[in-house]
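As provided, upload21.txt (compact mmCIF, C-alpha atoms) reads as follows.
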# COMPACT_ATOMS: atom_id res chain seq x y z
CA MET A 1 0.00 0.00 0.00
CA ARG A 2 3.00 2.34 0.24
CA TRP A 3 2.76 3.05 -3.47
CA ILE A 4 -0.55 4.84 -3.02
CA TYR A 5 0.98 7.81 -1.12
CA PRO A 6 3.26 8.97 -3.96
CA VAL A 7 0.33 8.59 -6.34
CA LEU A 8 -1.93 10.72 -4.12
CA PHE A 9 0.84 13.31 -3.73
CA LEU A 10 1.34 13.55 -7.49
CA ALA A 11 -2.40 13.84 -8.02
CA ALA A 12 -2.57 16.72 -5.54
CA VAL A 13 0.34 18.47 -7.25
CA PHE A 14 -1.32 18.00 -10.64
CA LEU A 15 -4.59 19.47 -9.39
CA LEU A 16 -2.80 22.49 -7.92
CA GLY A 17 -0.89 22.90 -11.16
CA ALA A 18 -4.10 22.59 -13.16
CA ASP A 19 -5.67 25.41 -11.14
CA LYS A 20 -2.62 27.61 -11.79
CA CYS A 21 -2.68 26.60 -15.45
CA GLN A 22 -6.32 27.61 -15.70
CA ASP A 23 -5.40 31.04 -14.34
CA ASN A 24 -2.55 31.31 -16.83
CA HIS A 25 -4.91 30.41 -19.65
CA ILE A 26 -6.95 33.56 -19.13
CA PRO A 27 -5.42 35.31 -22.14
CA PRO A 28 -4.47 38.99 -22.03
CA VAL A 29 -5.86 41.08 -24.87
CA LYS A 30 -3.91 43.77 -26.71
CA VAL A 31 -5.74 47.11 -26.83
CA SER A 32 -5.25 50.78 -27.66
CA CYS A 33 -6.54 53.16 -25.02
CA SER A 34 -6.16 56.77 -23.92
CA ILE A 35 -6.32 59.02 -20.88
CA TYR A 36 -5.86 62.72 -20.20
CA ALA A 37 -2.68 63.79 -18.40
CA ASP A 38 -4.71 64.79 -15.33
CA GLY A 39 -6.06 61.23 -15.06
CA SER A 40 -9.52 61.97 -16.43
CA HIS A 41 -11.45 60.71 -19.48
CA PHE A 42 -10.01 57.20 -19.60
CA GLN A 43 -11.08 55.33 -22.75
CA SER A 44 -10.48 51.58 -22.67
CA GLU A 45 -10.86 51.24 -26.46
CA ASP A 46 -9.48 54.19 -28.44
CA GLU A 47 -8.30 53.46 -31.98
CA SER A 48 -8.13 57.11 -33.05
CA MET A 49 -4.32 56.92 -33.26
CA SER A 50 -4.38 53.59 -35.15
CA PHE A 51 -0.76 52.70 -34.38
CA SER A 52 -0.69 49.66 -36.66
CA THR A 53 -1.81 51.70 -39.68
CA TRP A 54 -0.11 55.07 -39.22
CA GLY A 55 2.92 54.18 -37.09
CA ARG A 56 4.58 55.74 -34.04
CA PRO A 57 3.13 59.17 -33.14
CA PHE A 58 5.41 62.12 -32.33
CA ASP A 59 4.05 65.19 -30.56
CA VAL A 60 5.08 68.15 -32.72
CA SER A 61 2.77 70.85 -31.35
CA GLU A 62 -0.51 71.31 -29.52
CA ASP A 63 -2.42 70.81 -32.77
CA MET A 64 -0.20 68.48 -34.81
CA VAL A 65 1.04 64.89 -34.50
CA ILE A 66 3.42 63.23 -36.96
CA HIS A 67 3.17 59.46 -37.42
CA LEU A 68 6.28 57.52 -38.41
CA GLY A 69 5.63 54.13 -40.00
CA SER A 70 5.90 52.72 -43.49
CA HIS A 71 4.88 56.26 -44.53
CA LEU A 72 4.77 59.68 -42.85
CA TYR A 73 1.35 60.94 -41.76
CA LYS A 74 0.11 64.13 -40.12
CA SER A 75 -2.95 64.38 -37.89
CA VAL A 76 -4.75 67.13 -36.00
CA PRO A 77 -7.24 66.84 -33.11
CA GLY A 78 -10.53 65.45 -34.37
CA GLY A 79 -9.32 65.11 -37.96
CA ASN A 80 -8.32 62.28 -40.27
CA PRO A 81 -4.59 61.87 -40.97
CA SER A 82 -3.07 63.01 -44.23
CA GLN A 83 -0.14 61.22 -45.86
CA PHE A 84 3.03 63.10 -46.78
CA PHE A 85 4.15 62.80 -50.36
CA LEU A 86 7.63 61.24 -50.30
CA GLY A 87 7.85 60.30 -53.96
CA THR A 88 9.67 56.96 -54.31
CA VAL A 89 11.33 57.24 -50.87
CA SER A 90 10.53 54.41 -48.40
CA VAL A 91 10.84 54.93 -44.65
CA THR A 92 13.58 52.65 -43.27
CA ASP A 93 13.89 53.92 -39.67
CA TYR A 94 10.60 53.45 -37.81
CA GLN A 95 11.89 54.51 -34.38
CA PHE A 96 13.62 57.91 -34.60
CA LEU A 97 12.42 61.22 -36.02
CA GLY A 98 14.33 64.52 -35.87
CA ILE A 99 11.97 67.44 -35.20
CA ASP A 100 13.18 70.98 -35.89
CA ARG A 101 10.35 73.09 -34.47
CA ALA A 102 12.13 76.38 -35.07
CA ARG A 103 12.45 75.76 -38.83
CA GLN A 104 9.27 73.65 -39.13
CA MET A 105 11.24 70.72 -40.58
CA LEU A 106 11.31 66.95 -40.04
CA TYR A 107 14.27 64.62 -40.54
CA PHE A 108 13.62 60.92 -41.10
CA GLY A 109 15.45 57.81 -42.23
CA GLY A 110 14.39 56.82 -45.75
CA ASP A 111 16.08 54.42 -48.17
CA HIS A 112 18.83 54.08 -45.50
CA SER A 113 19.60 57.81 -45.89
CA ILE A 114 18.46 60.96 -44.06
CA TYR A 115 15.72 63.05 -45.66
CA ARG A 116 14.20 66.40 -44.72
CA ILE A 117 10.61 67.52 -45.26
CA GLY A 118 8.56 70.51 -44.07
CA PHE A 119 5.76 70.29 -41.53
CA ASN A 120 3.48 71.16 -44.44
CA GLY A 121 4.55 67.98 -46.27
CA GLN A 122 6.46 69.82 -48.98
CA ASN A 123 10.02 69.63 -50.37
CA CYS A 124 11.18 66.14 -49.44
CA THR A 125 14.97 66.35 -49.90
CA ARG A 126 17.87 64.01 -49.22
CA VAL A 127 20.44 65.64 -46.91
CA SER A 128 22.90 62.79 -46.19
CA PRO A 129 25.79 62.18 -48.63
CA GLU A 130 25.44 59.63 -51.41
CA ASP A 131 28.36 57.58 -50.08
CA GLY A 132 26.80 54.12 -49.91
CA ALA A 133 26.63 54.16 -46.10
CA ASP A 134 23.59 53.32 -43.96
CA TYR A 135 22.17 56.40 -42.17
CA SER A 136 19.55 56.29 -39.38
CA ALA A 137 18.46 57.78 -36.03
CA PRO A 138 18.21 61.52 -36.88
CA ALA A 139 18.24 63.89 -33.87
CA LEU A 140 18.64 67.63 -33.34
CA SER A 141 21.48 69.02 -31.21
CA SER A 142 20.71 70.95 -28.03
CA CYS A 143 21.34 74.29 -29.79
CA GLY A 144 19.32 73.28 -32.85
CA ASN A 145 22.16 74.12 -35.25
CA TYR A 146 23.21 70.55 -36.00
CA LEU A 147 21.59 67.32 -37.10
CA ILE A 148 23.03 64.15 -35.59
CA ALA A 149 22.63 60.74 -37.25
CA ILE A 150 24.19 57.30 -37.10
CA ARG A 151 26.31 56.33 -40.13
CA ASP A 152 27.26 52.64 -40.12
CA LYS A 153 27.37 52.70 -36.26
CA HIS A 154 29.49 55.88 -36.23
CA ILE A 155 28.22 59.30 -35.10
CA ALA A 156 27.73 61.76 -37.98
CA ARG A 157 26.94 65.46 -37.63
CA MET A 158 25.54 67.91 -40.19
CA ASN A 159 25.70 71.69 -39.93
CA ILE A 160 22.12 72.64 -40.77
CA GLN A 161 23.15 76.03 -42.16
CA THR A 162 25.89 74.78 -44.52
CA GLY A 163 24.88 71.12 -45.07
CA GLU A 164 28.46 70.04 -44.24
CA TRP A 165 28.86 66.60 -42.63
CA ILE A 166 31.57 65.22 -40.36
CA VAL A 167 31.89 61.59 -39.20
CA LEU A 168 33.56 60.66 -35.92
CA PRO A 169 36.03 57.75 -36.03
CA GLU A 170 34.87 56.60 -32.57
CA PRO A 171 32.64 55.06 -31.34
CA THR A 172 31.89 52.17 -33.69
CA THR A 173 28.81 50.76 -31.90
CA ALA A 174 26.51 53.81 -31.76
CA MET A 175 22.74 53.44 -32.23
CA TYR A 176 21.44 56.92 -31.26
CA ALA A 177 23.19 60.18 -30.32
CA THR A 178 22.93 63.93 -29.80
CA TYR A 179 25.33 66.85 -29.52
CA ILE A 180 25.46 69.37 -26.64
CA GLY A 181 26.87 72.40 -28.43
CA ASP A 182 27.60 74.69 -25.46
CA ILE A 183 29.99 72.16 -23.89
CA ASP A 184 31.11 70.41 -27.11
CA GLU A 185 30.07 66.92 -25.95
CA TYR A 186 28.22 64.03 -27.53
CA TYR A 187 25.91 61.73 -25.60
CA TYR A 188 25.22 58.46 -27.34
CA TYR A 189 23.69 55.03 -26.85
CA SER A 190 26.00 52.15 -27.72
CA HIS A 191 24.62 48.74 -28.67
CA TYR A 192 26.64 45.54 -29.17
CA VAL A 193 26.83 41.81 -28.35
CA ASN A 194 29.26 40.52 -25.73
CA ASN A 195 29.55 36.85 -24.72
CA TYR A 196 26.21 36.03 -26.35
CA GLN A 197 24.44 38.78 -24.40
CA TYR A 198 23.07 42.07 -25.69
CA VAL A 199 24.57 45.21 -24.17
CA THR A 200 23.20 48.75 -24.45
CA ALA A 201 25.01 51.60 -22.72
CA LEU A 202 24.70 55.36 -22.36
CA CYS A 203 28.07 57.05 -22.96
CA ARG A 204 29.56 60.54 -23.12
CA LEU A 205 32.20 61.67 -25.63
CA ASP A 206 33.98 64.91 -24.70
CA ALA A 207 35.91 67.43 -26.79
CA GLU A 208 39.15 65.44 -26.32
CA ALA A 209 37.43 62.36 -27.80
CA ASP A 210 37.54 60.57 -24.44
CA SER A 211 34.55 58.28 -24.03
CA THR A 212 32.95 57.62 -20.62
CA MET A 213 30.34 54.94 -19.95
CA ILE A 214 27.56 56.33 -17.75
CA PHE A 215 25.46 53.19 -17.29
CA THR A 216 24.95 49.90 -19.07
CA ARG A 217 22.24 47.28 -19.50
CA THR A 218 22.93 43.62 -20.25
CA TYR A 219 20.05 41.36 -21.26
CA SER A 220 18.92 38.30 -23.16
CA PRO A 221 16.88 37.29 -25.18
CA THR A 222 16.38 39.88 -27.90
CA PRO A 223 13.97 42.63 -26.76
CA ASP A 224 11.09 43.93 -28.84
CA LEU A 225 12.16 47.53 -28.27
CA ILE A 226 15.31 49.21 -26.99
CA ASN A 227 13.64 52.41 -25.85
CA ALA A 228 16.40 55.05 -25.78
CA GLN A 229 15.16 58.62 -25.47
CA ILE A 230 16.51 62.12 -24.87
CA SER A 231 14.38 64.69 -23.05
CA PRO A 232 13.24 67.74 -25.05
CA ASN A 233 15.58 70.00 -23.04
CA HIS A 234 18.55 67.63 -23.62
CA ARG A 235 19.16 67.33 -19.88
CA TYR A 236 17.88 63.79 -19.25
CA PHE A 237 18.74 60.53 -21.00
CA ALA A 238 16.66 57.40 -20.42
CA LEU A 239 16.90 53.74 -21.37
CA HIS A 240 14.46 50.87 -21.02
CA ILE A 241 14.25 47.37 -22.49
CA MET A 242 10.74 46.24 -23.48
CA LYS A 243 9.39 42.83 -24.43
CA GLU A 244 5.74 42.23 -25.28
CA PRO A 245 3.69 39.67 -23.29
CA HIS A 246 3.91 36.26 -24.91
CA THR A 247 3.13 32.59 -24.31
CA GLN A 248 5.68 30.15 -22.94
CA TYR A 249 5.33 26.37 -22.93
CA SER A 250 5.47 24.50 -19.62
CA TRP A 251 4.61 20.95 -18.52
CA THR A 252 1.24 22.19 -17.24
CA GLY A 253 0.48 23.89 -20.55
CA ASP A 254 1.19 27.22 -22.20
CA GLN A 255 1.54 30.13 -19.79
CA TYR A 256 1.38 33.84 -20.46
CA ILE A 257 4.59 35.67 -19.62
CA ARG A 258 5.02 39.41 -19.20
CA SER A 259 8.31 41.18 -18.69
CA TRP A 260 9.46 44.35 -17.01
CA SER A 261 12.89 45.85 -16.52
CA ASP A 262 14.60 48.74 -14.74
CA LEU A 263 14.14 52.18 -16.23
CA LYS A 264 17.33 54.23 -15.97
CA VAL A 265 17.30 58.01 -16.26
CA TYR A 266 20.53 60.06 -16.23
CA ASP A 267 20.67 63.75 -15.34
CA ARG A 268 23.69 65.26 -17.10
CA GLN A 269 23.60 68.38 -14.90
CA THR A 270 23.77 66.58 -11.55
CA GLY A 271 25.45 63.37 -12.70
CA GLN A 272 22.79 61.28 -10.94
CA THR A 273 21.19 58.16 -12.38
CA ILE A 274 17.65 57.38 -11.26
CA THR A 275 16.49 53.76 -11.43
CA VAL A 276 12.78 52.90 -11.48
CA PRO A 277 12.42 49.12 -10.94
CA GLY A 278 9.67 46.95 -12.40
CA CYS A 279 8.98 49.26 -15.34
CA TYR A 280 6.94 48.21 -18.38
CA SER A 281 7.42 51.33 -20.54
CA TYR A 282 8.08 55.07 -20.43
CA THR A 283 8.35 58.27 -22.42
CA PHE A 284 9.37 61.88 -21.85
CA SER A 285 6.68 64.52 -21.87
CA GLN A 286 7.12 67.59 -24.05
CA GLU A 287 6.36 69.53 -20.88
CA SER A 288 9.83 69.29 -19.34
CA PRO A 289 10.96 67.99 -16.91
CA TYR A 290 8.32 65.25 -16.72
CA ILE A 291 8.55 61.56 -17.54
CA ILE A 292 5.56 59.21 -17.85
CA PHE A 293 6.06 55.55 -17.01
CA SER A 294 4.21 52.34 -16.22
CA ARG A 295 5.38 50.04 -13.42
CA ASP A 296 4.30 46.71 -11.98
CA VAL A 297 2.44 47.13 -8.67
CA ASN A 298 0.78 44.07 -7.11
CA GLY A 299 0.36 42.40 -10.47
CA MET A 300 -1.06 45.42 -12.30
CA ALA A 301 0.50 47.94 -14.67
CA ASP A 302 -0.30 51.48 -13.55
CA LEU A 303 0.61 54.83 -15.11
CA MET A 304 2.76 57.40 -13.28
CA LEU A 305 3.99 60.95 -13.88
CA MET A 306 7.33 62.00 -12.33
CA ASN A 307 8.87 65.45 -12.04
CA LEU A 308 12.54 64.72 -12.73
CA ASP A 309 13.69 67.91 -10.99
CA THR A 310 12.08 66.96 -7.68
CA HIS A 311 11.78 63.14 -8.15
CA GLN A 312 8.19 63.39 -6.93
CA SER A 313 5.59 61.23 -8.66
CA HIS A 314 1.87 60.81 -8.71
CA MET A 315 -0.45 58.23 -10.23
CA ILE A 316 -2.36 59.08 -13.40
CA TRP A 317 -4.17 55.73 -13.71
CA ASP A 318 -4.43 52.84 -11.25
CA GLY A 319 -4.71 50.12 -13.93
CA TYR A 320 -8.45 49.26 -13.80
CA TYR A 321 -10.27 49.03 -17.11
CA GLU A 322 -13.47 48.10 -15.33
CA HIS A 323 -14.57 46.23 -12.20
CA ASN A 324 -13.18 42.83 -13.22
CA VAL A 325 -10.57 43.81 -15.84
CA PHE A 326 -7.07 45.03 -15.03
CA SER A 327 -4.02 46.35 -16.86
CA TYR A 328 -1.73 43.39 -17.58
CA SER A 329 1.06 45.36 -19.28
CA ILE A 330 1.68 48.65 -21.09
CA SER A 331 4.00 48.32 -24.09
CA GLU A 332 4.33 51.93 -25.24
CA ILE A 333 3.22 55.39 -24.10
CA TYR A 334 2.54 58.36 -26.40
CA PRO A 335 1.62 61.82 -25.06
CA VAL A 336 0.24 63.95 -27.90
CA PHE A 337 -1.30 67.36 -28.69
CA GLY A 338 0.86 69.31 -26.27
CA GLY A 339 1.02 66.39 -23.82
CA GLN A 340 -2.61 66.83 -22.78
CA LYS A 341 -3.70 63.38 -23.98
CA ILE A 342 -1.82 60.12 -23.50
CA TYR A 343 -2.29 57.13 -25.79
CA LEU A 344 -1.29 53.63 -24.68
CA LYS A 345 -0.43 50.41 -26.49
CA ALA A 346 -1.47 48.10 -23.70
CA TRP A 347 -2.72 44.69 -22.60
CA LYS A 348 -5.74 43.98 -20.41
CA ARG A 349 -6.79 40.80 -18.65
CA ASN A 350 -9.84 39.49 -16.77
CA TRP A 351 -9.58 38.40 -13.16
CA LYS A 352 -10.78 34.96 -12.19
CA SER A 353 -14.24 35.14 -10.68
CA ASP A 354 -12.96 33.96 -7.25
CA ASP A 355 -10.13 36.54 -7.05
CA ASP A 356 -10.40 39.17 -4.33
CA LYS A 357 -9.11 42.27 -6.13
CA SER A 358 -9.12 44.39 -3.00
CA LEU A 359 -6.29 42.30 -1.52
CA THR A 360 -4.14 42.05 -4.62
CA ALA A 361 -4.56 45.19 -6.70
CA PRO A 362 -3.60 48.83 -6.11
CA MET A 363 -6.19 51.55 -5.72
CA VAL A 364 -5.93 55.24 -6.55
CA MET A 365 -4.93 56.08 -2.97
CA ASP A 366 -1.76 54.01 -3.10
CA THR A 367 1.37 55.83 -1.95
CA PRO A 368 3.05 57.48 -4.97
CA LEU A 369 6.56 56.47 -5.91
CA ASN A 370 8.88 58.63 -3.80
CA ASP A 371 12.60 59.15 -3.26
CA HIS A 372 13.17 56.28 -0.87
CA GLN A 373 11.74 53.88 -3.47
CA ILE A 374 14.11 55.19 -6.14
CA SER A 375 17.79 54.34 -6.18
CA GLU A 376 20.24 57.03 -7.18
CA ARG A 377 23.94 57.02 -7.97
Just give me the structure as structure tokens.
Amino acid sequence: MRWIYPVLFLAAVFLLGADKCQDNHIPPVKVSCSIYADGSHFQSEDESMSFSTWGRPFDVSEDMVIHLGSHLYKSVPGGNPSQFFLGTVSVTDYQFLGIDRARQMLYFGGDHSIYRIGFNGQNCTRVSPEDGADYSAPALSSCGNYLIAIRDKHIARMNIQTGEWIVLPEPTTAMYATYIGDIDEYYYYSHYVNNYQYVTALCRLDAEADSTMIFTRTYSPTPDLINAQISPNHRYFALHIMKEPHTQYSWTGDQYIRSWSDLKVYDRQTGQTITVPGCYSYTFSQESPYIIFSRDVNGMADLMLMNLDTHQSHMIWDGYYEHNVFSYSISEIYPVFGGQKIYLKAWKRNWKSDDDKSLTAPMVMDTPLNDHQISER
């Protein structure tokens, strides 16, 4: 009769595993939603930005959004988007867009070169040399007098007034960069593979061509998005690694997996690096010095707004879609039209009917993220 005890034990384990498996088989659903920056007017289904059709939105002004995808589009509040005429040029860089607000010009990566076009959609012109190199990641310098781009993993700089380009011999692993004209320094993100792991680092290159690594991230497997951004005032530099929720096979059946990682934000004026743990996604607001981010709190993805000067944060959204539906993950965040409205590429998921949400989920009165919950260097 001794054999019956292991059998009963295995049966109990299987039943417990089956219950967990049933929970894991409640699939999250990908949605587009929106909320106002003050936390009001949450819409759980808002396809007005239509990310999959128009591409990544960039907030250009209070009444204009530019969408970067397979084409360039322009939209205004309450209106349908209009497509820019690019001729035979195909967009090849879907992540970075250089926005020159003073001159009303856009710089984008097309046909592996850098092109310029007016906010009005006119005069699409190639500005990078016809040298057979691969150009991407256009960005404006802090003074607005230079365009920075990546040329075959080197930093390239164009004088906007003269059109003259220079290419730096180092570094050779750059993926995105900008130039701080008043101190003659470059800040750049370096991306490479080391010992079968992916490494992305924020670095500084001074006038003497001495490179300094500020912080680094090592990760595996390949992420869906290396989210490297520079604040509108060129003071803050942030990095986050994002991977979409996905299924993973296990012996009890397929399980849904979501991922979060540390968000790192560097302040070049103070030399401090802020780390926000358990982050799903982030973006800078055009209203400096604010950053919007989503973090994991008690199994839900909320939405927070932080003042980077004071490090004080408050919650914009607690993560509830409705009574029995919660925010499973937020993949990308887009503040538009002067930062007043925030669009989300997100995931929602139903609770099991026997879950007690009051014991497991955050409410609006949760303590905001504060300094003692943030690590600084």
Which stretch 228-289 of chain A residues have any atom within 12 Å of an atom of stretch 55-69 of chain A, and for each, what is the nearest pair of atoms with distance in Å to one decimal, counting all atoms listed in the file, rows sorted by chain and number, as a Markdown table?
| residue | atom | partner | partner_atom | distance |
| --- | --- | --- | --- | --- |
| A:Pro232 | CA | A:Asp59 | CA | 11.0 |
| A:Thr283 | CA | A:Phe58 | CA | 11.0 |
| A:Phe284 | CA | A:Asp59 | CA | 10.7 |
| A:Ser285 | CA | A:Asp59 | CA | 9.1 |
| A:Gln286 | CA | A:Asp59 | CA | 7.6 |
| A:Glu287 | CA | A:Asp59 | CA | 10.9 |
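Interatomic distance, atom CA of A:Leu140 to atom CA of A:Thr275: 26.0 Å.
Using all atoms listed in the file, the nearest neighbour of A:Ser231 within the list A:Thr270, A:Ser211, A:Asn195, A:Ser288 is A:Ser288.
Excluding A:His234 itself and any same-chain residue fewer than 3 positions from it, the protein and nucleic acid residues within 8 Å of it, counting only C-alpha atoms, are Ser142, Ile180, Ile230, Ser231 and Phe237 of chain A.
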* Extract, using only C-alpha atoms, all DNA, RNA and protein residues at most 6 Å from A:Gly319, discarding same-chain residues fewer than 6 positions from it, and format them as an MDAnalysis selection string. => chainID A and resid 301:302 326:327
